[in-house]
file entry.txt (compact mmCIF, C-alpha atoms)
# COMPACT_ATOMS: atom_id res chain seq x y z
CA MET A 1 46.52 28.88 -40.78
CA ARG A 2 45.91 27.31 -37.39
CA PHE A 3 49.17 25.81 -36.10
CA LEU A 4 49.31 23.39 -33.17
CA SER A 5 52.96 23.15 -32.12
CA ILE A 6 53.78 20.21 -29.85
CA ALA A 7 57.13 20.30 -28.06
CA THR A 8 58.90 18.58 -25.22
CA PHE A 9 60.59 21.79 -24.09
CA ALA A 10 60.57 25.35 -25.41
CA PHE A 11 62.53 28.53 -24.82
CA PRO A 12 62.59 30.52 -22.54
CA ASP A 13 61.51 27.80 -20.09
CA HIS A 14 64.36 25.59 -21.28
CA HIS A 15 67.59 26.77 -22.93
CA GLY A 16 68.94 25.13 -26.07
CA GLY A 17 69.25 25.75 -29.78
CA ALA A 18 66.22 23.68 -30.78
CA GLU A 19 64.12 25.24 -28.02
CA ARG A 20 65.08 28.71 -29.19
CA VAL A 21 64.31 27.95 -32.84
CA LEU A 22 60.88 26.48 -32.15
CA ALA A 23 59.81 29.32 -29.82
CA GLU A 24 61.09 31.99 -32.20
CA THR A 25 59.35 30.30 -35.14
CA ALA A 26 56.04 30.04 -33.27
CA ALA A 27 56.17 33.71 -32.26
CA ARG A 28 57.02 34.85 -35.78
CA LEU A 29 54.25 32.73 -37.28
CA ALA A 30 51.82 34.41 -34.88
CA ALA A 31 53.17 37.82 -35.88
CA ARG A 32 52.42 36.97 -39.52
CA GLY A 33 48.75 36.41 -38.66
CA HIS A 34 48.62 32.67 -38.00
CA ALA A 35 46.82 31.28 -34.94
CA VAL A 36 49.46 29.35 -32.97
CA THR A 37 49.01 27.17 -29.90
CA LEU A 38 52.16 25.73 -28.32
CA LEU A 39 52.12 22.71 -26.01
CA CYS A 40 55.31 22.20 -23.97
CA ALA A 41 56.53 20.91 -20.62
CA ARG A 42 56.52 23.05 -17.48
CA VAL A 43 59.91 24.06 -16.09
CA GLY A 44 60.14 25.60 -12.65
CA GLY A 45 57.21 27.79 -11.71
CA THR A 46 55.96 28.63 -15.17
CA PRO A 47 52.17 28.96 -15.49
CA ALA A 48 50.05 26.14 -16.88
CA GLU A 49 48.65 28.51 -19.49
CA GLU A 50 49.54 31.96 -20.77
CA LEU A 51 49.46 34.22 -23.80
CA ARG A 52 53.03 35.06 -24.80
CA ASP A 53 54.51 36.62 -27.94
CA GLY A 54 51.13 36.45 -29.67
CA LEU A 55 50.62 32.72 -29.14
CA ARG A 56 48.77 30.58 -26.66
CA VAL A 57 51.09 28.45 -24.51
CA LEU A 58 49.75 25.39 -22.66
CA ARG A 59 52.17 23.56 -20.40
CA TYR A 60 52.09 20.03 -19.00
CA ASP A 61 53.95 18.54 -16.04
CA VAL A 62 56.76 16.03 -16.47
CA ASP A 63 58.46 13.63 -14.07
CA ARG A 64 62.26 13.63 -14.46
CA ARG A 65 63.09 11.04 -11.81
CA SER A 66 63.91 8.43 -14.45
CA PRO A 67 63.77 8.09 -18.26
CA VAL A 68 60.80 5.73 -18.01
CA ARG A 69 58.86 8.12 -15.78
CA PHE A 70 59.80 11.04 -18.02
CA HIS A 71 58.54 9.52 -21.26
CA ALA A 72 55.37 8.23 -19.59
CA SER A 73 54.65 11.68 -18.14
CA VAL A 74 55.23 13.33 -21.53
CA ARG A 75 52.69 10.96 -23.10
CA ARG A 76 50.13 11.82 -20.42
CA GLY A 77 50.99 15.50 -20.52
CA VAL A 78 50.68 15.91 -24.28
CA ARG A 79 47.33 14.09 -24.26
CA GLU A 80 45.99 16.25 -21.43
CA ALA A 81 47.32 19.51 -22.90
CA LEU A 82 45.72 18.68 -26.24
CA ARG A 83 42.39 18.10 -24.46
CA ARG A 84 42.75 21.47 -22.71
CA ALA A 85 43.56 23.21 -25.99
CA GLY A 86 40.07 22.48 -27.37
CA GLY A 87 38.90 24.62 -30.26
CA PRO A 88 38.67 23.70 -33.95
CA GLN A 89 40.88 21.13 -35.62
CA PRO A 90 44.29 22.66 -36.45
CA ASP A 91 45.22 23.12 -40.09
CA VAL A 92 48.62 21.61 -39.34
CA VAL A 93 50.28 19.95 -36.33
CA HIS A 94 53.91 21.06 -36.00
CA LEU A 95 55.89 18.41 -34.14
CA HIS A 96 59.15 19.17 -32.34
CA GLN A 97 61.56 16.89 -30.49
CA PHE A 98 61.53 13.19 -29.75
CA ALA A 99 59.46 12.48 -26.65
CA SER A 100 56.58 14.85 -27.42
CA GLY A 101 56.58 13.94 -31.11
CA LEU A 102 56.16 10.22 -30.41
CA ALA A 103 53.55 10.96 -27.75
CA ALA A 104 51.55 13.07 -30.20
CA LEU A 105 51.60 10.40 -32.91
CA ARG A 106 49.71 8.10 -30.54
CA LEU A 107 46.73 10.46 -30.48
CA ARG A 108 43.87 10.15 -32.95
CA ALA A 109 43.42 13.92 -33.25
CA VAL A 110 47.04 14.24 -34.36
CA ARG A 111 47.00 11.23 -36.67
CA LYS A 112 44.08 12.64 -38.66
CA SER A 113 45.77 16.06 -39.06
CA PRO A 114 48.45 17.18 -41.52
CA ARG A 115 51.79 16.83 -39.72
CA LEU A 116 54.94 18.91 -40.11
CA LEU A 117 58.07 17.73 -38.26
CA SER A 118 61.01 19.99 -37.39
CA PHE A 119 63.84 17.45 -37.18
CA TYR A 120 66.72 18.87 -35.13
CA ALA A 121 68.81 15.75 -34.52
CA PRO A 122 68.53 11.95 -34.27
CA TYR A 123 67.68 11.37 -30.62
CA HIS A 124 69.32 7.94 -30.54
CA GLN A 125 72.66 9.46 -31.55
CA GLU A 126 72.44 12.22 -28.96
CA TRP A 127 71.60 9.60 -26.34
CA LEU A 128 74.60 7.48 -27.36
CA ALA A 129 76.89 10.51 -27.32
CA SER A 130 75.77 11.33 -23.78
CA ARG A 131 77.08 7.92 -22.68
CA LEU A 132 80.21 7.69 -24.85
CA ASP A 133 82.26 10.77 -23.94
CA GLY A 134 80.50 13.01 -26.39
CA ARG A 135 80.59 10.82 -29.51
CA PRO A 136 77.90 8.43 -30.80
CA ASP A 137 80.43 6.15 -32.54
CA GLY A 138 82.42 4.88 -29.58
CA ARG A 139 82.43 1.41 -28.10
CA ALA A 140 79.42 0.56 -25.95
CA GLY A 141 78.09 -2.49 -24.19
CA PRO A 142 75.20 -4.58 -25.50
CA LEU A 143 72.58 -2.97 -23.25
CA VAL A 144 73.51 0.54 -24.38
CA ARG A 145 73.45 -0.52 -28.02
CA ALA A 146 70.10 -2.25 -27.58
CA ALA A 147 68.60 0.88 -26.03
CA ALA A 148 70.04 3.01 -28.85
CA ALA A 149 68.51 0.66 -31.43
CA LEU A 150 65.11 1.08 -29.76
CA LEU A 151 65.47 4.86 -29.79
CA ARG A 152 66.53 4.72 -33.44
CA ARG A 153 63.25 3.05 -34.26
CA GLY A 154 61.55 5.99 -32.54
CA ASP A 155 63.48 8.43 -34.75
CA ARG A 156 62.39 6.51 -37.83
CA ARG A 157 58.77 6.47 -36.65
CA LEU A 158 58.81 10.25 -36.27
CA LEU A 159 60.08 10.68 -39.81
CA ALA A 160 57.56 8.18 -41.18
CA GLY A 161 54.71 9.95 -39.38
CA ALA A 162 55.38 13.37 -40.93
CA HIS A 163 53.81 14.63 -44.14
CA ALA A 164 56.60 17.22 -44.43
CA ILE A 165 59.95 17.57 -42.64
CA LEU A 166 62.08 20.63 -41.90
CA VAL A 167 65.81 20.52 -41.22
CA LEU A 168 68.14 23.37 -40.31
CA SER A 169 71.22 22.20 -42.26
CA ARG A 170 72.46 19.95 -45.02
CA PHE A 171 74.14 17.90 -42.31
CA SER A 172 70.75 17.20 -40.73
CA ALA A 173 69.30 16.36 -44.14
CA GLY A 174 72.01 13.72 -44.42
CA GLN A 175 70.95 12.29 -41.08
CA VAL A 176 67.36 12.06 -42.35
CA ALA A 177 68.59 10.21 -45.45
CA GLU A 178 70.59 7.77 -43.31
CA LEU A 179 67.61 7.03 -41.07
CA GLN A 180 64.97 6.76 -43.78
CA GLY A 181 65.94 7.47 -47.37
CA GLU A 182 62.44 8.01 -48.70
CA ALA A 183 61.81 10.71 -46.11
CA LEU A 184 64.32 12.94 -47.88
CA GLU A 185 61.72 13.53 -50.61
CA ARG A 186 59.51 15.22 -47.98
CA THR A 187 62.37 17.22 -46.43
CA VAL A 188 62.90 20.99 -46.74
CA LEU A 189 66.11 22.81 -45.80
CA ALA A 190 65.33 25.93 -43.74
CA PRO A 191 68.27 27.47 -41.81
CA PRO A 192 67.08 29.64 -38.90
CA GLY A 193 67.96 33.26 -38.30
CA VAL A 194 69.19 35.49 -35.52
CA ASP A 195 68.00 38.84 -34.18
CA LEU A 196 70.49 41.20 -35.80
CA GLN A 197 69.41 44.15 -33.64
CA ARG A 198 69.94 42.39 -30.31
CA PHE A 199 73.09 40.55 -31.33
CA ARG A 200 75.51 43.18 -32.64
CA PRO A 201 79.17 44.11 -32.20
CA PRO A 202 80.16 46.54 -29.43
CA ALA A 203 80.29 50.16 -30.52
CA ASP A 204 83.83 50.52 -29.20
CA ALA A 205 86.32 49.17 -26.66
CA ARG A 206 84.61 51.11 -23.87
CA GLU A 207 81.31 49.28 -24.46
CA ALA A 208 83.11 45.91 -24.62
CA ALA A 209 84.79 46.65 -21.27
CA ALA A 210 81.50 47.74 -19.71
CA CYS A 211 79.88 44.48 -20.86
CA ALA A 212 82.76 42.49 -19.35
CA ALA A 213 82.36 44.33 -16.07
CA THR A 214 78.73 43.22 -15.78
CA PHE A 215 80.04 39.65 -15.47
CA GLY A 216 82.74 40.58 -12.96
CA LEU A 217 85.49 40.21 -15.56
CA PRO A 218 88.53 42.50 -15.24
CA ALA A 219 88.79 45.36 -17.73
CA ASP A 220 92.29 44.60 -19.02
CA ASP A 221 93.84 43.41 -22.27
CA THR A 222 93.57 39.68 -21.56
CA PRO A 223 91.65 38.08 -24.45
CA LEU A 224 88.30 36.55 -23.49
CA LEU A 225 87.25 33.26 -25.07
CA VAL A 226 83.52 32.62 -24.80
CA SER A 227 81.40 29.51 -25.37
CA VAL A 228 77.66 29.15 -24.80
CA ARG A 229 76.88 25.46 -24.38
CA ARG A 230 75.14 22.85 -22.29
CA LEU A 231 77.70 21.45 -19.89
CA VAL A 232 77.78 17.90 -21.25
CA PRO A 233 80.69 15.94 -22.80
CA ARG A 234 79.38 16.24 -26.37
CA MET A 235 79.98 19.99 -26.27
CA GLY A 236 83.75 19.51 -25.88
CA LEU A 237 84.26 22.12 -23.18
CA ALA A 238 86.95 20.02 -21.49
CA ASP A 239 88.88 20.31 -24.78
CA LEU A 240 88.57 24.10 -24.61
CA LEU A 241 90.02 24.14 -21.08
CA ASP A 242 92.88 21.90 -22.21
CA ALA A 243 93.52 24.30 -25.11
CA ALA A 244 93.61 27.24 -22.67
CA GLN A 245 96.15 25.37 -20.55
CA THR A 246 98.27 24.78 -23.68
CA LEU A 247 98.13 28.48 -24.51
CA ARG A 248 99.24 29.28 -20.96
CA SER A 249 102.22 26.94 -21.34
CA ARG A 250 103.15 28.87 -24.50
CA GLY A 251 103.12 32.16 -22.62
CA LEU A 252 99.69 33.31 -23.80
CA ARG A 253 97.19 34.14 -21.08
CA VAL A 254 93.50 33.99 -21.93
CA ARG A 255 90.30 34.07 -19.94
CA VAL A 256 87.49 31.61 -20.62
CA ALA A 257 83.82 32.28 -19.89
CA LEU A 258 81.38 29.39 -20.21
CA ALA A 259 77.66 30.15 -20.18
CA GLY A 260 75.35 27.21 -19.58
CA GLU A 261 74.39 24.57 -17.08
CA GLY A 262 74.56 20.80 -17.01
CA PRO A 263 75.92 17.72 -15.25
CA GLN A 264 79.55 18.44 -16.21
CA GLN A 265 79.79 21.66 -14.19
CA ALA A 266 81.67 20.22 -11.21
CA GLU A 267 84.01 18.27 -13.49
CA LEU A 268 84.88 21.36 -15.52
CA ALA A 269 85.52 23.40 -12.38
CA ALA A 270 87.82 20.67 -11.06
CA ARG A 271 89.64 20.51 -14.40
CA ALA A 272 90.23 24.26 -14.37
CA ARG A 273 91.52 24.05 -10.81
CA ALA A 274 93.88 21.19 -11.59
CA ALA A 275 95.24 23.06 -14.62
CA GLY A 276 95.94 26.19 -12.57
CA LEU A 277 93.31 28.12 -14.53
CA LEU A 278 90.77 28.73 -11.80
CA ASP A 279 91.35 32.50 -11.75
CA ASP A 280 90.90 32.69 -15.51
CA VAL A 281 87.89 30.40 -16.03
CA ARG A 282 84.38 31.60 -15.22
CA LEU A 283 81.46 29.17 -15.16
CA LEU A 284 78.62 31.65 -15.50
CA GLY A 285 75.76 29.16 -15.29
CA ARG A 286 72.57 29.60 -17.23
CA LEU A 287 72.31 33.23 -18.28
CA PRO A 288 69.00 35.02 -18.76
CA ASP A 289 68.38 35.52 -22.47
CA GLU A 290 68.62 39.28 -22.21
CA ARG A 291 72.23 39.01 -20.96
CA LEU A 292 73.61 36.90 -23.81
CA PRO A 293 74.26 39.86 -26.16
CA GLU A 294 76.38 41.50 -23.45
CA LEU A 295 78.48 38.37 -23.08
CA TYR A 296 79.20 38.20 -26.80
CA ARG A 297 80.08 41.91 -26.88
CA ALA A 298 82.56 41.35 -24.05
CA ALA A 299 84.35 38.53 -25.89
CA SER A 300 87.39 38.46 -28.14
CA ILE A 301 86.73 35.08 -29.82
CA PHE A 302 83.85 32.62 -29.79
CA VAL A 303 84.89 28.98 -29.44
CA LEU A 304 82.70 26.03 -30.40
CA PRO A 305 84.59 22.84 -29.40
CA THR A 306 81.73 20.39 -30.13
CA ARG A 307 82.78 16.75 -30.38
CA SER A 308 79.83 15.57 -32.48
CA LEU A 309 76.28 16.16 -33.79
CA GLU A 310 76.15 19.92 -34.24
CA GLY A 311 72.83 20.17 -36.08
CA PHE A 312 73.10 23.91 -36.71
CA GLY A 313 74.64 26.06 -33.96
CA MET A 314 72.43 28.91 -32.75
CA ALA A 315 75.18 30.16 -30.42
CA THR A 316 77.56 30.32 -33.38
CA ALA A 317 75.00 32.32 -35.37
CA GLU A 318 74.60 34.74 -32.44
CA ALA A 319 78.39 35.08 -32.17
CA LEU A 320 78.72 35.85 -35.89
CA ALA A 321 76.00 38.50 -35.61
CA SER A 322 77.90 39.94 -32.63
CA GLY A 323 80.99 40.38 -34.80
CA LEU A 324 83.06 37.64 -33.21
CA PRO A 325 85.70 35.53 -34.94
CA VAL A 326 84.80 31.86 -34.57
CA VAL A 327 87.19 28.99 -33.90
CA ALA A 328 85.25 25.74 -33.99
CA THR A 329 85.52 22.04 -34.56
CA ASP A 330 84.54 20.60 -37.90
CA ALA A 331 81.56 18.76 -36.43
CA GLY A 332 78.11 18.53 -37.95
CA ALA A 333 76.79 21.66 -39.65
CA THR A 334 79.37 24.14 -38.35
CA ALA A 335 81.33 24.12 -41.62
CA GLU A 336 78.12 25.15 -43.44
CA LEU A 337 77.47 28.00 -41.04
CA VAL A 338 80.94 29.59 -41.24
CA ALA A 339 81.74 28.71 -44.87
CA GLY A 340 83.57 31.53 -46.60
CA VAL A 341 83.87 33.73 -43.50
CA GLU A 342 87.36 35.20 -43.39
CA GLY A 343 89.23 34.38 -40.19
CA CYS A 344 86.83 31.70 -38.96
CA ALA A 345 88.75 28.47 -38.48
CA LEU A 346 87.84 24.80 -38.16
CA VAL A 347 89.87 22.12 -36.35
CA PRO A 348 89.29 18.39 -35.86
CA PRO A 349 86.90 17.48 -33.02
CA GLY A 350 88.49 16.27 -29.80
CA ASP A 351 91.92 17.80 -30.60
CA PRO A 352 92.80 20.43 -27.95
CA ALA A 353 96.30 20.94 -29.39
CA ALA A 354 94.89 21.88 -32.80
CA LEU A 355 92.34 24.14 -31.11
CA ALA A 356 95.11 25.89 -29.15
CA SER A 357 97.23 26.39 -32.28
CA GLU A 358 94.38 27.98 -34.23
CA LEU A 359 93.51 30.23 -31.31
CA GLN A 360 97.16 31.23 -30.99
CA ARG A 361 97.33 32.24 -34.67
CA LEU A 362 94.28 34.46 -34.25
CA LEU A 363 95.39 35.93 -30.93
CA ALA A 364 98.83 36.78 -32.30
CA ASP A 365 97.45 38.83 -35.19
CA PRO A 366 95.12 41.66 -34.05
CA ALA A 367 94.64 42.89 -37.63
CA ARG A 368 93.47 39.44 -38.74
CA ARG A 369 91.16 39.28 -35.74
CA ALA A 370 89.63 42.65 -36.65
CA ARG A 371 89.07 41.54 -40.25
CA ALA A 372 87.48 38.32 -39.02
CA ALA A 373 85.14 40.26 -36.72
CA ALA A 374 83.96 42.49 -39.57
CA ALA A 375 83.54 39.51 -41.89
CA ALA A 376 81.50 37.64 -39.27
CA ARG A 377 79.00 40.49 -38.98
CA ARG A 378 78.72 40.89 -42.78
CA HIS A 379 78.06 37.16 -43.12
CA ALA A 380 75.33 37.27 -40.48
CA GLU A 381 73.62 40.21 -42.15
CA ALA A 382 73.69 38.43 -45.51
CA THR A 383 72.59 34.95 -44.43
CA LEU A 384 70.97 34.87 -40.99
CA ALA A 385 67.61 36.62 -41.32
CA TRP A 386 64.52 34.92 -39.83
CA ASP A 387 62.16 35.71 -42.71
CA GLY A 388 63.46 32.89 -44.91
CA HIS A 389 63.01 30.28 -42.20
CA VAL A 390 59.46 31.33 -41.32
CA GLN A 391 58.45 31.45 -44.96
CA ALA A 392 59.87 27.93 -45.40
CA VAL A 393 57.76 26.75 -42.44
CA GLU A 394 54.62 28.21 -44.04
CA GLU A 395 55.40 26.53 -47.37
CA ALA A 396 56.20 23.20 -45.67
CA ALA A 397 52.90 23.42 -43.75
CA LEU A 398 51.04 23.83 -47.04
CA ARG A 399 52.92 20.83 -48.43
CA ALA A 400 51.89 18.80 -45.39
CA ILE A 401 48.25 19.80 -45.87
CA ALA A 402 48.37 18.84 -49.54
CA ALA A 403 50.09 15.53 -48.78
CA ARG A 404 47.50 14.66 -46.11
CA ARG A 405 44.64 15.33 -48.54
CA SER A 406 46.22 13.12 -51.20
CA ARG A 407 46.50 10.07 -48.93
call {"tool": "encode", "arguments": {"input": "entry.txt", "output": "structure tokens"}}
result
Amino acid sequence: MRFLSIATFAFPDHHGGAERVLAETAARLAARGHAVTLLCARVGGTPAEELRDGLRVLRYDVDRRSPVRFHASVRRGVREALRRAGGPQPDVVHLHQFASGLAALRLRAVRKSPRLLSFYAPYHQEWLASRLDGRPDGRAGPLVRAAAALLRRGDRRLLAGAHAILVLSRFSAGQVAELQGEALERTVLAPPGVDLQRFRPPADAREAAACAATFGLPADDTPLLVSVRRLVPRMGLADLLDAAQTLRSRGLRVRVALAGEGPQQAELAARARAAGLLDDVRLLGRLPDERLPELYRAASIFVLPTRSLEGFGMATAEALASGLPVVATDAGATAELVAGVEGCALVPPGDPAALASELQRLLADPARRARAAAAARRHAEATLAWDGHVQAVEEAALRAIAARRSR
């Protein structure tokens, strides 16, 4: 099949779980013999066009000076990139993300094609959460609510414009049902996978220490808590730092390494300084993809303190594959991802005391931690292969083609 994938951002230009899933899916579709063209925004000095991972990548420029300028530039960029793509009509248009998806639906060439939508999260809820301390259900003024209502209509339009819809979790399927009940009939559940060769446990303590040293972390017995997140309030990283401070007050020293970038970086650094944790908290910034496996292999426990809207959790999947116990909040799809994994624990979102208590139980019992590590890897091997996801995309694309022909 000829796939035309239209995205706002894609990995490796832009880090994020959705970006990683869509880029991995496109590359794996190409490896299975499909012709794939990916349109996405330019980040930094990336080329306007290249062949990468067996697919053709066409990039368009965006203007990030304001939301209005951004969405207008995405509309122009998608239209221009589609013109540059040329060639025969695609068999299916694979839409990703809010801005580019809505921009594509304006175009006649897209409207007359079968359309498959990968629905990662309701954009209006993520937007609300970004303004309400990480949760979409807090109190907000009338202007914020009015803007969210407008964005919600955009989410509904995306769902209505798709002949078939893919979600990564049952949680996300529930969000589809809440937005537009009839769309659930066109929705397919397709959890993504993880590269089980790249993300693996350390061979021994010596390898774990060597991995820690590459990040400038001391090679001692202090447990290392790791989280890989965008530095925004919804990710709950302030709660993790508060939990580390609580552990310190109980006589348990831990180190915390946060990989990611975002507007909360200065705030988190100040919080660590005020809590007396500056020597034990490392803000690593955005790590190159090839370094992520080393970070997981250096860690003792992976912590996912998300406050809301965890649509799947690619970092959690990578941590499980790396043989890490997971302590996470019961937000979104996380409970689905770690269900039945011995030693993985869930706590209420936004509760640093509960997070600290669960971490303390795991830290105080090395045997339990070792069992949890082994169980995490077994779970990843049994449930987190990419083949199932890519096959589901192929089947959903065929459903979209059939649905388009029947209309």
call {"tool": "residues_around", "arguments": {"input": "entry.txt", "residues": "A:Gln197", "least_positions_apart": "2", "cutoff": "12 Å", "atoms": "only C-alpha atoms", "output": "VMD selection string"}}
result
chain A and resid 193 to 195 199 to 202 293 318 321 to 322 377 380 to 381 384 to 385
call {"tool": "residues_around", "arguments": {"input": "entry.txt", "residues": "A:Ser227", "least_positions_apart": "4", "cutoff": "7 Å", "atoms": "all atoms listed in the file", "output": "list in words"}}
result
Ala257, Leu258, Ala259, Phe302, Val303 and Leu304 of chain A
call {"tool": "write_last_selection", "arguments": {"input": "entry.txt", "atoms": "C-alpha atoms", "output": "PDB file, keeping the file's coordinate frame"}}
result
ATOM      1  CA  ALA A 257      83.820  32.280 -19.890  1.00  0.00           C
ATOM      2  CA  LEU A 258      81.380  29.390 -20.210  1.00  0.00           C
ATOM      3  CA  ALA A 259      77.660  30.150 -20.180  1.00  0.00           C
ATOM      4  CA  PHE A 302      83.850  32.620 -29.790  1.00  0.00           C
ATOM      5  CA  VAL A 303      84.890  28.980 -29.440  1.00  0.00           C
ATOM      6  CA  LEU A 304      82.700  26.030 -30.400  1.00  0.00           C
TER       7      LEU A 304
END
call {"tool": "residues_around", "arguments": {"input": "entry.txt", "residues": "stretch 88-102 of chain A", "least_positions_apart": "5", "cutoff": "6 Å", "atoms": "only C-alpha atoms", "output": "MDAnalysis selection string"}}
result
chainID A and resid 1:8 114:118
call {"tool": "write_last_selection", "arguments": {"input": "entry.txt", "atoms": "C-alpha atoms", "output": "mmCIF file, in the frame of the given file"}}
result
data_model
loop_
_atom_site.group_PDB
_atom_site.id
_atom_site.type_symbol
_atom_site.label_atom_id
_atom_site.label_comp_id
_atom_site.auth_asym_id
_atom_site.auth_seq_id
_atom_site.Cartn_x
_atom_site.Cartn_y
_atom_site.Cartn_z
ATOM 1 C CA MET A 1 46.520 28.880 -40.780
ATOM 2 C CA ARG A 2 45.910 27.310 -37.390
ATOM 3 C CA PHE A 3 49.170 25.810 -36.100
ATOM 4 C CA LEU A 4 49.310 23.390 -33.170
ATOM 5 C CA SER A 5 52.960 23.150 -32.120
ATOM 6 C CA ILE A 6 53.780 20.210 -29.850
ATOM 7 C CA ALA A 7 57.130 20.300 -28.060
ATOM 8 C CA THR A 8 58.900 18.580 -25.220
ATOM 9 C CA PRO A 114 48.450 17.180 -41.520
ATOM 10 C CA ARG A 115 51.790 16.830 -39.720
ATOM 11 C CA LEU A 116 54.940 18.910 -40.110
ATOM 12 C CA LEU A 117 58.070 17.730 -38.260
ATOM 13 C CA SER A 118 61.010 19.990 -37.390
#
call {"tool": "closest_residue", "arguments": {"input": "entry.txt", "among": "A:Ala109, A:Leu268, A:Cys40, A:Leu217", "to": "A:Gly77", "atoms": "all atoms listed in the file"}}
result
A:Cys40
call {"tool": "closest_residue", "arguments": {"input": "entry.txt", "among": "A:Asp155, A:Asp242, A:Glu261, A:Asp365", "to": "A:Arg230", "atoms": "all atoms listed in the file"}}
result
A:Glu261
call {"tool": "residues_around", "arguments": {"input": "entry.txt", "residues": "A:Arg399", "least_positions_apart": "4", "cutoff": "8 Å", "atoms": "only C-alpha atoms", "output": "list of chain:residue names"}}
result
A:His163, A:Ala164, A:Glu395, A:Ala403
call {"tool": "residues_near_point", "arguments": {"input": "entry.txt", "point": "(78.0, 31.3, -31.2)", "cutoff": "12 Å", "atoms": "only C-alpha atoms", "output": "compact mmCIF listing (two decimals) with C-alpha atoms, in the coordinates of the input"}}
result
# COMPACT_ATOMS: atom_id res chain seq x y z
CA GLY A 17 69.25 25.75 -29.78
CA VAL A 194 69.19 35.49 -35.52
CA PHE A 199 73.09 40.55 -31.33
CA LEU A 225 87.25 33.26 -25.07
CA VAL A 226 83.52 32.62 -24.80
CA SER A 227 81.40 29.51 -25.37
CA VAL A 228 77.66 29.15 -24.80
CA ARG A 229 76.88 25.46 -24.38
CA LEU A 258 81.38 29.39 -20.21
CA ALA A 259 77.66 30.15 -20.18
CA LEU A 292 73.61 36.90 -23.81
CA PRO A 293 74.26 39.86 -26.16
CA LEU A 295 78.48 38.37 -23.08
CA TYR A 296 79.20 38.20 -26.80
CA ARG A 297 80.08 41.91 -26.88
CA ALA A 299 84.35 38.53 -25.89
CA ILE A 301 86.73 35.08 -29.82
CA PHE A 302 83.85 32.62 -29.79
CA VAL A 303 84.89 28.98 -29.44
CA LEU A 304 82.70 26.03 -30.40
CA PRO A 305 84.59 22.84 -29.40
CA THR A 306 81.73 20.39 -30.13
CA GLU A 310 76.15 19.92 -34.24
CA PHE A 312 73.10 23.91 -36.71
CA GLY A 313 74.64 26.06 -33.96
CA MET A 314 72.43 28.91 -32.75
CA ALA A 315 75.18 30.16 -30.42
CA THR A 316 77.56 30.32 -33.38
CA ALA A 317 75.00 32.32 -35.37
CA GLU A 318 74.60 34.74 -32.44
CA ALA A 319 78.39 35.08 -32.17
CA LEU A 320 78.72 35.85 -35.89
CA ALA A 321 76.00 38.50 -35.61
CA SER A 322 77.90 39.94 -32.63
CA GLY A 323 80.99 40.38 -34.80
CA LEU A 324 83.06 37.64 -33.21
CA PRO A 325 85.70 35.53 -34.94
CA VAL A 326 84.80 31.86 -34.57
CA VAL A 327 87.19 28.99 -33.90
CA ALA A 328 85.25 25.74 -33.99
CA THR A 334 79.37 24.14 -38.35
CA LEU A 337 77.47 28.00 -41.04
CA VAL A 338 80.94 29.59 -41.24
CA CYS A 344 86.83 31.70 -38.96
CA ALA A 376 81.50 37.64 -39.27
CA ALA A 380 75.33 37.27 -40.48
call {"tool": "residues_around", "arguments": {"input": "entry.txt", "residues": "A:Arg152", "least_positions_apart": "2", "cutoff": "9 Å", "atoms": "all atoms listed in the file", "output": "list in words"}}
result
Pro122, Tyr123, His124, Gln125, Ala147, Ala148, Ala149, Leu150, Gly154, Asp155, Arg156, Arg157 and Leu179 of chain A
call {"tool": "closest_residue", "arguments": {"input": "entry.txt", "among": "A:Ala212, A:Leu240, A:Leu277, A:Ala364", "to": "A:Ala298", "atoms": "all atoms listed in the file"}}
result
A:Ala212
call {"tool": "decode", "arguments": {"input": "entry.txt", "residues": "stretch 379-387 of chain A", "atoms": "N, CA and C atoms", "output": "mmCIF file, in the first residue's frame"}}
result
data_model
loop_
_atom_site.group_PDB
_atom_site.id
_atom_site.type_symbol
_atom_site.label_atom_id
_atom_site.label_comp_id
_atom_site.auth_asym_id
_atom_site.auth_seq_id
_atom_site.Cartn_x
_atom_site.Cartn_y
_atom_site.Cartn_z
ATOM 1 N N HIS A 379 7.559 -9.403 31.329
ATOM 2 C CA HIS A 379 6.322 -8.787 30.853
ATOM 3 C C HIS A 379 6.554 -8.085 29.512
ATOM 4 N N ALA A 380 7.673 -7.382 29.401
ATOM 5 C CA ALA A 380 7.977 -6.692 28.144
ATOM 6 C C ALA A 380 8.144 -7.692 27.007
ATOM 7 N N GLU A 381 8.850 -8.769 27.259
ATOM 8 C CA GLU A 381 9.065 -9.770 26.210
ATOM 9 C C GLU A 381 7.747 -10.402 25.760
ATOM 10 N N ALA A 382 6.807 -10.536 26.697
ATOM 11 C CA ALA A 382 5.542 -11.202 26.379
ATOM 12 C C ALA A 382 4.529 -10.284 25.716
ATOM 13 N N THR A 383 4.628 -8.965 25.949
ATOM 14 C CA THR A 383 3.525 -8.079 25.537
ATOM 15 C C THR A 383 3.933 -6.888 24.685
ATOM 16 N N LEU A 384 5.218 -6.583 24.565
ATOM 17 C CA LEU A 384 5.611 -5.312 23.963
ATOM 18 C C LEU A 384 6.413 -5.476 22.674
ATOM 19 N N ALA A 385 5.958 -6.367 21.808
ATOM 20 C CA ALA A 385 6.568 -6.507 20.482
ATOM 21 C C ALA A 385 5.879 -5.558 19.504
ATOM 22 N N TRP A 386 6.628 -5.053 18.507
ATOM 23 C CA TRP A 386 6.085 -4.111 17.534
ATOM 24 C C TRP A 386 5.207 -4.778 16.476
ATOM 25 N N ASP A 387 5.405 -6.060 16.223
ATOM 26 C CA ASP A 387 4.711 -6.698 15.100
ATOM 27 C C ASP A 387 3.197 -6.565 15.207
#
